[in-house]
>>> print(open('query.txt').read())   # compact mmCIF, C-alpha atoms and all ligand atoms
# COMPACT_ATOMS: atom_id res chain seq x y z
CA MET A 1 -9.76 18.25 -0.81
CA ALA A 2 -12.96 16.73 0.39
CA SER A 3 -14.22 13.48 -1.04
CA GLU A 4 -16.49 10.75 0.13
CA LYS A 5 -13.39 8.73 0.90
CA GLY A 6 -12.18 9.71 4.35
CA ALA A 7 -8.62 10.07 3.12
CA THR A 8 -9.06 13.47 1.61
CA ASP A 9 -11.60 14.80 4.04
CA LEU A 10 -9.27 16.73 6.23
CA THR A 11 -11.89 18.68 8.10
CA ALA A 12 -11.64 18.35 11.84
CA GLY A 13 -14.38 16.68 13.76
CA GLY A 14 -15.31 13.55 15.63
CA SER A 15 -14.53 10.20 14.09
CA ALA A 16 -17.10 7.43 13.94
CA HIS A 17 -16.19 5.75 16.81
CA GLN A 18 -9.91 -1.00 30.22
CA ALA A 19 -11.51 -0.23 32.45
CA GLY A 20 -9.34 1.83 34.80
CA GLN A 21 -7.53 -0.55 36.99
CA ALA A 22 -7.59 -0.09 40.68
CA ASP A 23 -3.98 0.94 40.93
CA ARG A 24 -4.29 3.51 38.16
CA ALA A 25 -7.25 5.05 39.90
CA GLY A 26 -5.16 5.48 42.99
CA LEU A 27 -6.94 2.72 44.91
CA ALA A 28 -5.11 0.17 46.98
CA MET A 29 -4.61 -3.24 45.37
CA PRO A 30 -5.33 -6.34 47.44
CA ALA A 31 -2.21 -7.71 49.06
CA GLY A 32 -0.44 -10.41 47.09
CA LEU A 33 -1.81 -9.53 43.66
CA PRO A 34 0.88 -8.83 41.09
CA ASN A 35 1.50 -5.30 39.90
CA ARG A 36 2.51 -4.37 36.35
CA ALA A 37 6.06 -5.35 36.97
CA GLY A 38 4.88 -8.84 37.84
CA GLN A 39 5.78 -8.40 41.50
CA ALA A 40 3.49 -8.67 44.47
CA TRP A 41 2.08 -5.41 45.72
CA PRO A 42 3.19 -4.54 49.23
CA ALA A 43 0.86 -5.92 51.87
CA GLY A 44 -1.79 -3.75 53.46
CA PRO A 45 -4.74 -1.89 52.06
CA SER A 46 -3.02 1.47 52.10
CA ALA A 47 0.32 0.36 50.73
CA VAL A 48 -0.36 1.75 47.28
CA GLY A 49 -1.80 5.17 47.76
CA PRO A 50 -2.18 8.03 45.33
CA ALA A 51 0.96 9.75 46.52
CA GLU A 52 3.14 6.78 45.74
CA LEU A 53 1.45 6.19 42.42
CA ALA A 54 2.14 9.74 41.36
CA GLY A 55 5.85 9.19 41.40
CA GLY A 56 6.00 5.43 41.00
CA ALA A 57 4.00 3.25 38.66
CA SER A 58 3.13 6.10 36.37
CA ALA A 59 6.43 7.51 35.24
CA VAL A 60 4.87 10.94 34.91
CA GLY A 61 3.49 12.53 38.03
CA PRO A 62 0.79 15.17 38.00
CA ALA A 63 3.16 18.10 38.00
CA GLU A 64 5.13 16.76 35.08
CA LEU A 65 1.99 15.93 33.15
CA ALA A 66 0.97 19.54 33.29
CA GLY A 67 4.20 20.48 31.54
CA GLY A 68 4.62 17.42 29.30
CA ALA A 69 1.28 17.27 27.56
CA SER A 70 0.72 20.97 27.62
CA ALA A 71 -0.68 22.95 24.76
CA VAL A 72 2.74 24.07 23.72
CA GLY A 73 4.38 20.65 23.48
CA PRO A 74 8.12 20.19 23.20
CA ALA A 75 10.14 23.19 22.24
CA GLY A 76 10.09 23.70 18.53
CA LEU A 77 6.87 21.92 17.70
CA ALA A 78 3.92 24.07 16.97
CA GLY A 79 2.17 22.28 19.78
CA GLY A 80 -0.48 19.64 20.01
CA ALA A 81 -2.97 19.56 17.27
CA SER A 82 -1.60 22.54 15.43
CA ALA A 83 1.73 21.34 14.06
CA VAL A 84 2.15 23.11 10.74
CA GLY A 85 2.15 20.70 7.81
CA PRO A 86 3.82 20.94 4.42
CA ALA A 87 2.57 23.42 1.88
CA GLY A 88 -0.23 22.25 -0.37
CA LEU A 89 -1.87 19.80 2.03
CA ALA A 90 -5.01 20.69 3.94
CA ASP A 91 -4.57 21.34 7.64
CA PRO A 92 -7.43 20.02 9.78
CA GLY A 93 -5.92 21.48 12.95
CA ARG A 94 -4.93 18.10 14.36
CA CYS A 95 -2.38 15.40 13.82
CA LEU A 96 -3.04 13.50 10.57
CA VAL A 97 -3.45 9.74 10.29
CA MET A 98 -1.59 7.88 7.54
CA GLY A 99 -2.89 4.35 6.94
CA VAL A 100 -0.42 1.73 5.67
CA VAL A 101 -0.87 -0.53 2.64
CA ASN A 102 2.12 -2.84 2.29
CA VAL A 103 1.87 -4.55 -1.10
CA THR A 104 4.48 -7.07 -0.02
CA PRO A 105 4.54 -10.77 0.78
CA ASP A 106 6.87 -10.31 3.73
CA SER A 107 6.38 -7.09 5.72
CA PHE A 108 6.91 -7.79 9.40
CA SER A 109 3.80 -5.99 10.50
CA ASP A 110 1.05 -7.43 8.34
CA GLY A 111 2.69 -10.48 6.82
CA GLY A 112 1.57 -10.22 3.22
CA ALA A 113 -2.13 -9.69 3.92
CA TRP A 114 -2.37 -7.07 1.14
CA TYR A 115 0.05 -8.51 -1.39
CA GLY A 116 -2.50 -8.99 -4.18
CA THR A 117 -3.46 -5.92 -6.21
CA ASP A 118 -7.19 -6.23 -5.55
CA SER A 119 -6.82 -6.81 -1.82
CA ALA A 120 -4.37 -3.89 -1.57
CA ILE A 121 -6.78 -1.55 -3.37
CA SER A 122 -9.70 -2.62 -1.27
CA HIS A 123 -7.64 -2.29 1.91
CA GLY A 124 -6.59 1.23 0.90
CA LEU A 125 -10.21 2.19 0.32
CA ASP A 126 -11.17 0.68 3.68
CA LEU A 127 -8.45 2.66 5.46
CA ALA A 128 -9.67 5.84 3.80
CA ALA A 129 -13.28 5.12 4.70
CA ALA A 130 -12.18 4.44 8.28
CA GLY A 131 -10.68 7.92 8.53
CA ALA A 132 -7.14 7.77 7.18
CA ASP A 133 -6.18 11.22 5.93
CA ILE A 134 -3.41 9.72 3.81
CA VAL A 135 -2.89 6.18 2.49
CA ASP A 136 0.77 5.16 2.23
CA VAL A 137 1.43 2.52 -0.43
CA GLY A 138 4.71 0.60 -0.41
CA GLY A 139 6.00 -2.40 -2.34
CA GLU A 140 9.31 -3.12 -0.67
CA SER A 141 9.57 -4.66 2.77
CA THR A 142 11.93 -2.92 5.17
CA ARG A 143 11.70 -5.51 7.92
CA PRO A 144 15.03 -6.21 9.62
CA GLY A 145 17.10 -8.46 7.38
CA ALA A 146 14.97 -7.90 4.25
CA GLN A 147 16.68 -8.19 0.87
CA ARG A 148 15.90 -5.71 -1.87
CA ILE A 149 13.58 -6.38 -4.79
CA SER A 150 14.05 -5.10 -8.34
CA PRO A 151 12.59 -1.74 -9.40
CA ALA A 152 10.40 -3.55 -11.94
CA GLU A 153 8.94 -5.77 -9.23
CA GLU A 154 8.35 -2.80 -6.93
CA LEU A 155 6.52 -0.97 -9.72
CA ARG A 156 4.50 -4.07 -10.56
CA ARG A 157 3.31 -4.20 -6.95
CA VAL A 158 2.49 -0.58 -6.25
CA GLY A 159 1.66 0.86 -9.69
CA PRO A 160 -1.92 -0.39 -10.10
CA VAL A 161 -2.72 0.17 -6.43
CA ILE A 162 -1.63 3.81 -6.46
CA THR A 163 -3.39 4.43 -9.76
CA ALA A 164 -6.67 2.98 -8.48
CA LEU A 165 -6.61 4.70 -5.08
CA ALA A 166 -5.69 8.10 -6.53
CA ALA A 167 -8.48 7.74 -9.09
CA GLU A 168 -10.89 7.19 -6.19
CA GLY A 169 -9.83 10.51 -4.65
CA VAL A 170 -7.66 9.03 -1.92
CA LEU A 171 -4.70 11.16 -0.83
CA VAL A 172 -1.88 8.71 -1.59
CA SER A 173 1.74 8.74 -0.53
CA VAL A 174 4.23 6.37 -2.08
CA ASP A 175 6.62 4.61 0.28
CA THR A 176 9.71 4.11 -1.86
CA MET A 177 13.45 4.71 -1.89
CA ARG A 178 13.60 4.77 -5.70
CA ALA A 179 13.23 7.84 -7.90
CA GLU A 180 11.78 5.87 -10.80
CA VAL A 181 9.04 4.40 -8.59
CA ALA A 182 8.32 7.82 -7.10
CA GLU A 183 8.15 9.32 -10.59
CA PHE A 184 5.63 6.75 -11.74
CA ALA A 185 3.62 7.16 -8.53
CA VAL A 186 3.43 10.95 -8.78
CA GLY A 187 2.38 10.61 -12.42
CA ALA A 188 -0.34 8.21 -11.30
CA GLY A 189 -1.66 10.67 -8.73
CA ALA A 190 0.39 10.13 -5.54
CA ARG A 191 0.78 13.45 -3.76
CA ILE A 192 3.48 12.69 -1.21
CA VAL A 193 6.81 10.86 -1.52
CA ASN A 194 7.75 8.92 1.63
CA ASP A 195 11.41 7.95 1.38
CA VAL A 196 12.63 5.92 4.36
CA SER A 197 16.20 6.54 3.24
CA GLY A 198 15.81 10.32 3.19
CA GLY A 199 17.34 10.44 -0.28
CA LEU A 200 20.38 8.33 0.60
CA ALA A 201 19.41 5.11 -1.21
CA ASP A 202 18.89 6.74 -4.61
CA PRO A 203 20.79 9.93 -5.33
CA ALA A 204 18.27 10.79 -8.05
CA MET A 205 15.41 11.00 -5.56
CA PRO A 206 15.81 14.59 -4.25
CA ARG A 207 15.94 16.02 -7.79
CA LEU A 208 12.90 14.03 -8.80
CA VAL A 209 10.98 15.26 -5.77
CA ALA A 210 12.14 18.83 -6.43
CA LYS A 211 10.84 18.59 -10.00
CA ALA A 212 7.55 17.00 -8.93
CA GLY A 213 7.00 19.69 -6.27
CA VAL A 214 5.28 17.34 -3.82
CA PRO A 215 5.71 16.99 -0.03
CA TYR A 216 8.70 14.80 0.81
CA VAL A 217 9.15 12.68 3.95
CA VAL A 218 12.83 12.54 4.86
CA MET A 219 13.30 9.71 7.34
CA HIS A 220 16.41 9.07 9.43
CA TRP A 221 18.19 6.06 7.95
CA ARG A 222 21.65 4.57 8.22
CA GLY A 223 21.52 1.79 5.65
CA HIS A 224 19.50 -1.00 4.13
CA SER A 225 17.55 -3.45 6.25
CA HIS A 226 19.82 -6.45 5.81
CA ASP A 227 22.33 -5.08 8.30
CA MET A 228 20.70 -2.08 9.91
CA TYR A 229 21.05 -3.30 13.49
CA ARG A 230 24.80 -3.29 13.13
CA ARG A 231 24.42 0.45 12.71
CA ALA A 232 22.23 0.95 15.79
CA VAL A 233 25.04 2.44 17.85
CA TYR A 234 24.68 5.90 19.37
CA ASP A 235 26.28 7.92 22.15
CA ASP A 236 23.50 10.48 22.05
CA VAL A 237 20.70 9.14 19.88
CA VAL A 238 18.60 12.32 19.86
CA GLY A 239 21.54 14.57 18.99
CA GLU A 240 22.93 12.21 16.36
CA VAL A 241 19.59 11.57 14.67
CA ARG A 242 18.88 15.30 14.66
CA ASP A 243 22.29 16.14 13.18
CA GLU A 244 22.05 13.40 10.55
CA LEU A 245 18.54 14.51 9.64
CA ARG A 246 19.74 18.10 9.41
CA ARG A 247 22.43 17.08 6.94
CA ARG A 248 19.85 15.23 4.84
CA VAL A 249 17.52 18.20 4.90
CA GLU A 250 20.32 20.56 3.86
CA THR A 251 21.32 18.22 1.04
CA VAL A 252 17.85 17.80 -0.41
CA ILE A 253 17.26 21.55 -0.21
CA ALA A 254 20.54 22.07 -2.07
CA GLU A 255 19.20 19.66 -4.71
CA GLY A 256 16.18 21.90 -5.19
CA VAL A 257 13.51 20.56 -2.80
CA ASP A 258 11.28 23.35 -1.50
CA PRO A 259 11.85 23.57 2.29
CA SER A 260 8.14 24.19 2.83
CA LEU A 261 7.44 20.70 1.44
CA LEU A 262 9.68 18.83 3.87
CA ILE A 263 8.58 16.45 6.61
CA VAL A 264 11.06 14.71 8.90
CA ASP A 265 10.75 11.32 10.58
CA PRO A 266 12.96 9.79 13.30
CA GLY A 267 12.81 6.38 11.60
CA LEU A 268 11.72 4.32 14.60
CA GLY A 269 13.12 0.80 14.35
CA PHE A 270 15.48 1.66 11.50
CA ALA A 271 18.94 1.14 12.97
CA LYS A 272 17.35 1.82 16.36
CA ARG A 273 17.02 -0.37 19.42
CA PRO A 274 14.06 0.01 21.78
CA GLU A 275 15.81 2.51 24.04
CA HIS A 276 16.67 4.63 21.00
CA ASN A 277 13.03 4.64 19.86
CA TRP A 278 11.79 5.76 23.27
CA ALA A 279 14.38 8.51 23.50
CA LEU A 280 13.40 9.81 20.07
CA LEU A 281 9.69 9.66 20.81
CA THR A 282 10.18 11.78 23.89
CA HIS A 283 12.24 14.40 22.05
CA LEU A 284 10.21 15.01 18.91
CA GLY A 285 10.58 18.75 19.32
CA GLU A 286 14.35 18.55 19.01
CA LEU A 287 13.98 16.69 15.74
CA ALA A 288 11.61 19.33 14.41
CA ASN A 289 14.09 22.10 15.12
CA LEU A 290 16.70 21.65 12.47
CA GLY A 291 17.83 25.22 12.43
CA GLY A 292 15.71 26.52 9.55
CA THR A 293 13.23 29.30 9.68
CA ARG A 294 10.42 27.15 11.09
CA PRO A 295 10.15 23.80 12.84
CA LEU A 296 9.56 21.00 10.33
CA PRO A 297 6.50 18.78 10.52
CA VAL A 298 7.30 15.42 12.12
CA LEU A 299 5.91 12.03 11.03
CA VAL A 300 5.96 9.21 13.58
CA GLY A 301 5.89 5.56 12.50
CA ALA A 302 5.64 3.49 15.69
CA SER A 303 2.80 1.23 14.59
CA ARG A 304 3.31 -2.47 15.40
CA LYS A 305 7.05 -2.06 15.73
CA ARG A 306 9.06 -4.54 17.72
CA PHE A 307 9.87 -2.17 20.57
CA LEU A 308 6.15 -2.12 21.42
CA GLY A 309 5.92 -5.91 21.26
CA ARG A 310 8.90 -6.13 23.59
CA LEU A 311 7.42 -3.63 26.01
CA LEU A 312 4.31 -5.78 26.22
CA ALA A 313 6.10 -9.13 26.40
CA SER A 314 4.48 -11.86 28.44
CA PRO A 315 6.11 -12.87 31.76
CA ASP A 316 8.16 -15.55 29.98
CA GLY A 317 9.60 -12.87 27.71
CA THR A 318 7.65 -13.71 24.55
CA PRO A 319 7.08 -10.43 22.68
CA ARG A 320 3.50 -9.42 21.97
CA SER A 321 2.36 -10.17 18.41
CA PHE A 322 2.39 -7.34 15.88
CA ALA A 323 -1.39 -7.01 15.73
CA GLY A 324 -1.40 -7.35 19.53
CA SER A 325 0.51 -4.08 19.73
CA ASP A 326 -2.27 -2.03 18.15
CA GLU A 327 -3.53 -0.63 21.46
CA ALA A 328 0.01 0.39 22.38
CA THR A 329 0.26 2.09 18.99
CA VAL A 330 -2.85 4.09 19.84
CA ALA A 331 -1.23 5.16 23.11
CA VAL A 332 1.87 6.34 21.26
CA THR A 333 -0.36 8.16 18.77
CA ALA A 334 -2.13 10.08 21.53
CA LEU A 335 1.14 11.05 23.18
CA ALA A 336 2.91 11.97 19.94
CA ALA A 337 -0.08 13.97 18.71
CA ALA A 338 -0.29 15.83 22.02
CA ALA A 339 3.42 16.55 21.70
CA GLY A 340 2.85 18.13 18.31
CA ALA A 341 3.51 15.38 15.74
CA TRP A 342 2.16 16.33 12.32
CA CYS A 343 1.17 12.79 11.32
CA VAL A 344 1.21 9.21 12.58
CA ARG A 345 1.68 6.23 10.25
CA VAL A 346 -0.48 3.31 11.41
CA HIS A 347 -1.84 -0.04 10.32
CA GLU A 348 -5.21 0.11 12.10
CA VAL A 349 -6.94 3.42 11.50
CA PRO A 350 -10.13 3.81 13.58
CA ALA A 351 -8.71 3.93 17.11
CA ASN A 352 -5.81 6.10 15.96
CA ALA A 353 -8.23 8.48 14.24
CA ASP A 354 -9.99 8.75 17.60
CA ALA A 355 -6.70 9.24 19.45
CA VAL A 356 -5.59 12.22 17.35
CA ARG A 357 -8.93 13.87 18.03
CA VAL A 358 -8.58 13.24 21.75
CA ALA A 359 -5.11 14.78 21.62
CA ALA A 360 -6.46 17.80 19.75
CA ALA A 361 -9.21 18.34 22.32
CA TRP A 362 -6.69 17.84 25.13
CA CYS A 363 -4.34 20.44 23.71
CA GLN A 364 -7.16 22.83 22.98
CA ALA A 365 -8.38 22.59 26.58
CA ALA A 366 -4.85 23.01 27.89
CA ALA A 367 -4.39 26.09 25.72
CA GLU A 368 -7.53 27.58 27.16
CA GLY A 369 -6.03 26.93 30.59
CA ALA A 370 -7.55 28.63 33.59
CA ALA A 371 -10.31 30.18 31.50
CA GLY A 372 -11.75 26.71 30.98
CA VAL A 373 -11.76 26.07 34.71
CA VAL A 374 -13.72 29.25 35.36
CA ARG A 375 -16.22 28.44 32.64
CA GLN A 376 -16.77 24.97 33.99
CA GLY A 377 -17.38 26.39 37.47
CA GLU A 378 -19.97 28.75 36.08
CA GLY A 379 -21.87 26.10 34.17
CA ASP A 380 -24.76 23.93 35.25
CA HIS A 381 -22.68 20.73 34.90
CA GLY A 382 -25.28 19.31 32.57
CA ASP A 383 -22.61 17.63 30.45
CA LEU A 384 -20.63 16.09 33.28
N1 LIG B 1 8.22 2.36 8.76
C1 LIG B 1 8.07 1.37 7.87
C2 LIG B 1 7.86 1.64 6.51
N2 LIG B 1 7.79 2.92 6.08
N3 LIG B 1 7.87 5.23 6.52
C3 LIG B 1 8.05 6.22 7.39
N4 LIG B 1 8.02 7.50 6.96
N5 LIG B 1 8.27 6.01 8.72
C4 LIG B 1 8.34 4.74 9.23
O1 LIG B 1 8.56 4.60 10.45
C5 LIG B 1 8.16 3.65 8.33
C6 LIG B 1 7.93 3.93 6.97
C7 LIG B 1 8.15 -0.04 8.34
O2 LIG B 1 6.94 -0.47 8.84
P1 LIG B 1 5.91 -1.39 8.02
O3 LIG B 1 6.66 -2.59 7.54
O4 LIG B 1 4.87 -1.73 8.99
O5 LIG B 1 5.36 -0.60 6.89
>>> encode(input="query.txt", output="structure tokens")
Amino acid sequence: MASEKGATDLTAGGSAHQAGQADRAGLAMPAGLPNRAGQAWPAGPSAVGPAELAGGASAVGPAELAGGASAVGPAGLAGGASAVGPAGLADPGRCLVMGVVNVTPDSFSDGGAWYGTDSAISHGLDLAAAGADIVDVGGESTRPGAQRISPAEELRRVGPVITALAAEGVLVSVDTMRAEVAEFAVGAGARIVNDVSGGLADPAMPRLVAKAGVPYVVMHWRGHSHDMYRRAVYDDVVGEVRDELRRRVETVIAEGVDPSLLIVDPGLGFAKRPEHNWALLTHLGELANLGGTRPLPVLVGASRKRFLGRLLASPDGTPRSFAGSDEATVAVTALAAAAGAWCVRVHEVPANADAVRVAAAWCQAAAEGAAGVVRQGEGDHGDL
């Protein structure tokens, strides 16, 4: 698997790469300064003490943290850095990083920056060199309201990019809903099919994937982008997404896809409102447990999505720009990786490559538990 391009070097190890604010550190904030909610902190130097912070500003208090980000992770996920991936792909013992190359003029997240063949190839190589384990190449925008392009146009966009990146030894996935595009891509060296429709958009897709024998990302999807928000209605988003994903998984297995090659994805932002995305992110384990013999690997695609921009909106309500959500993406990456996600799909690789390694170390230390505490006590503290 190894190559000089970072994409196929799946060995674990360090990647090449604000200040704690007073309130986060448990220190009192000066009276009258705004807190994160934009309100004035209560007057008095001791108004915001550690005890209040534990249950207040940080939604997760110390006791819950111990359980939430533990080595085991949510029920059903293998836990932290050791989520089991699909057969045939190397397992570096941590969450993988998938870098995104959108060969589109109109993707919401990167606005056509990599539309030209040469710029897309060079961006894919850059992502790999920056530590992407996988480079995901797509030619069709799925931004809300997007209209479809023809299969010929999709192939024209992604074909040469996939061919060039695969020839350079990059581990490529093709982001497509069309069997004919997937077929070309696999022939050109793509090793994963990422289908945001989970086989619903093109009934020929599951059989093609079964024949190709490559890992297959089955994302939760309720319909094409032009009207997907009309479909963002749930009574119990986690239960409904899980049940709909289970039906997709059963269908593609019935069509011949090897269960050991399946990856599931909650489809953040696809027929989901912000509250749906957050609920899904915090219940990844339930999505992994679809009733088969083993939990399925979970891919998380939160990068630059609108729910992050809305979370970080300025006081006048203007959402944060897409690129301005990159740090929030890194935060989601760390949390999802610690919860056992198999892979995160991101636009900016370096900080996310760091985050998955932090999560792996975190989970490893948590797994060692009390033994680590004893060892630290016995040491000379030279590394503190
Ligand atoms: N999101 C987008 C495109 N492809 N694939 C998977 N598996 N999961 C996702 O969440 C996902 C995806 C849309 O984002 P983009 O326009 O930034 O690529």
>>> closest_residue(input="query.txt", among="A:Gly269, A:Gly124, A:Gly85, A:Gly340", to="Arg143 of chain A", atoms="only C-alpha atoms")
A:Gly269
>>> residues_near_ligand(input="query.txt", ligand="ligand LIG 1 (chain B)", cutoff="8 Å", atoms="only C-alpha atoms and all ligand atoms", output="MDAnalysis selection string")
chainID A and resid 100:102 107:110 138 141:143 175 194:196 217:219 265:270 299:305 345:347
>>> closest_residue(input="query.txt", among="A:Val193, A:Ala212, A:Leu171, A:Met228", to="Lys272 of chain A", atoms="only C-alpha atoms")
A:Met228
>>> residues_around(input="query.txt", residues="segment 291-298 of chain A", least_positions_apart="4", cutoff="9 Å", atoms="only C-alpha atoms", output="MDAnalysis selection string")
chainID A and resid 76:78 83:86 217 246 259:260 262:266 284:285 287 340:344
>>> atom_distance(input="query.txt", atom1="atom CA of Ala204 of chain A", atom2="atom CA of Pro144 of chain A")
24.7 Å
>>> closest_residue(input="query.txt", among="A:Glu154, A:Asp133, A:Asp354, A:Asp243", to="Leu96 of chain A", atoms="all atoms listed in the file")
A:Asp133
>>> closest_residue(input="query.txt", among="A:Leu245, A:Cys95, A:Leu208, A:Ala190", to="Asp258 of chain A", atoms="only C-alpha atoms")
A:Leu208
>>> residues_near_point(input="query.txt", point="(-3.8, -5.3, -1.5)", cutoff="10 Å", atoms="all atoms listed in the file", output="number ranges by chain")
A: 101-104, 112-124, 137, 157-158, 161
>>> atom_distance(input="query.txt", atom1="atom CA of Leu89 of chain A", atom2="atom CA of Tyr216 of chain A")
11.8 Å
>>> atom_distance(input="query.txt", atom1="atom CA of Ala339 of chain A", atom2="atom CA of Val238 of chain A")
15.9 Å
>>> residues_near_point(input="query.txt", point="(2.0, 11.5, -0.6)", cutoff="6 Å", atoms="all atoms listed in the file", output="number ranges by chain")
A: 172-174, 190-193
>>> residues_around(input="query.txt", residues="Val233 of chain A", least_positions_apart="6", cutoff="10 Å", atoms="all atoms listed in the file", output="list in words")
Ala271, Lys272, Arg273 and His276 of chain A
>>> closest_residue(input="query.txt", among="A:Ala146, A:Val241, A:Trp362, A:Ala129", to="Glu168 of chain A", atoms="all atoms listed in the file")
A:Ala129
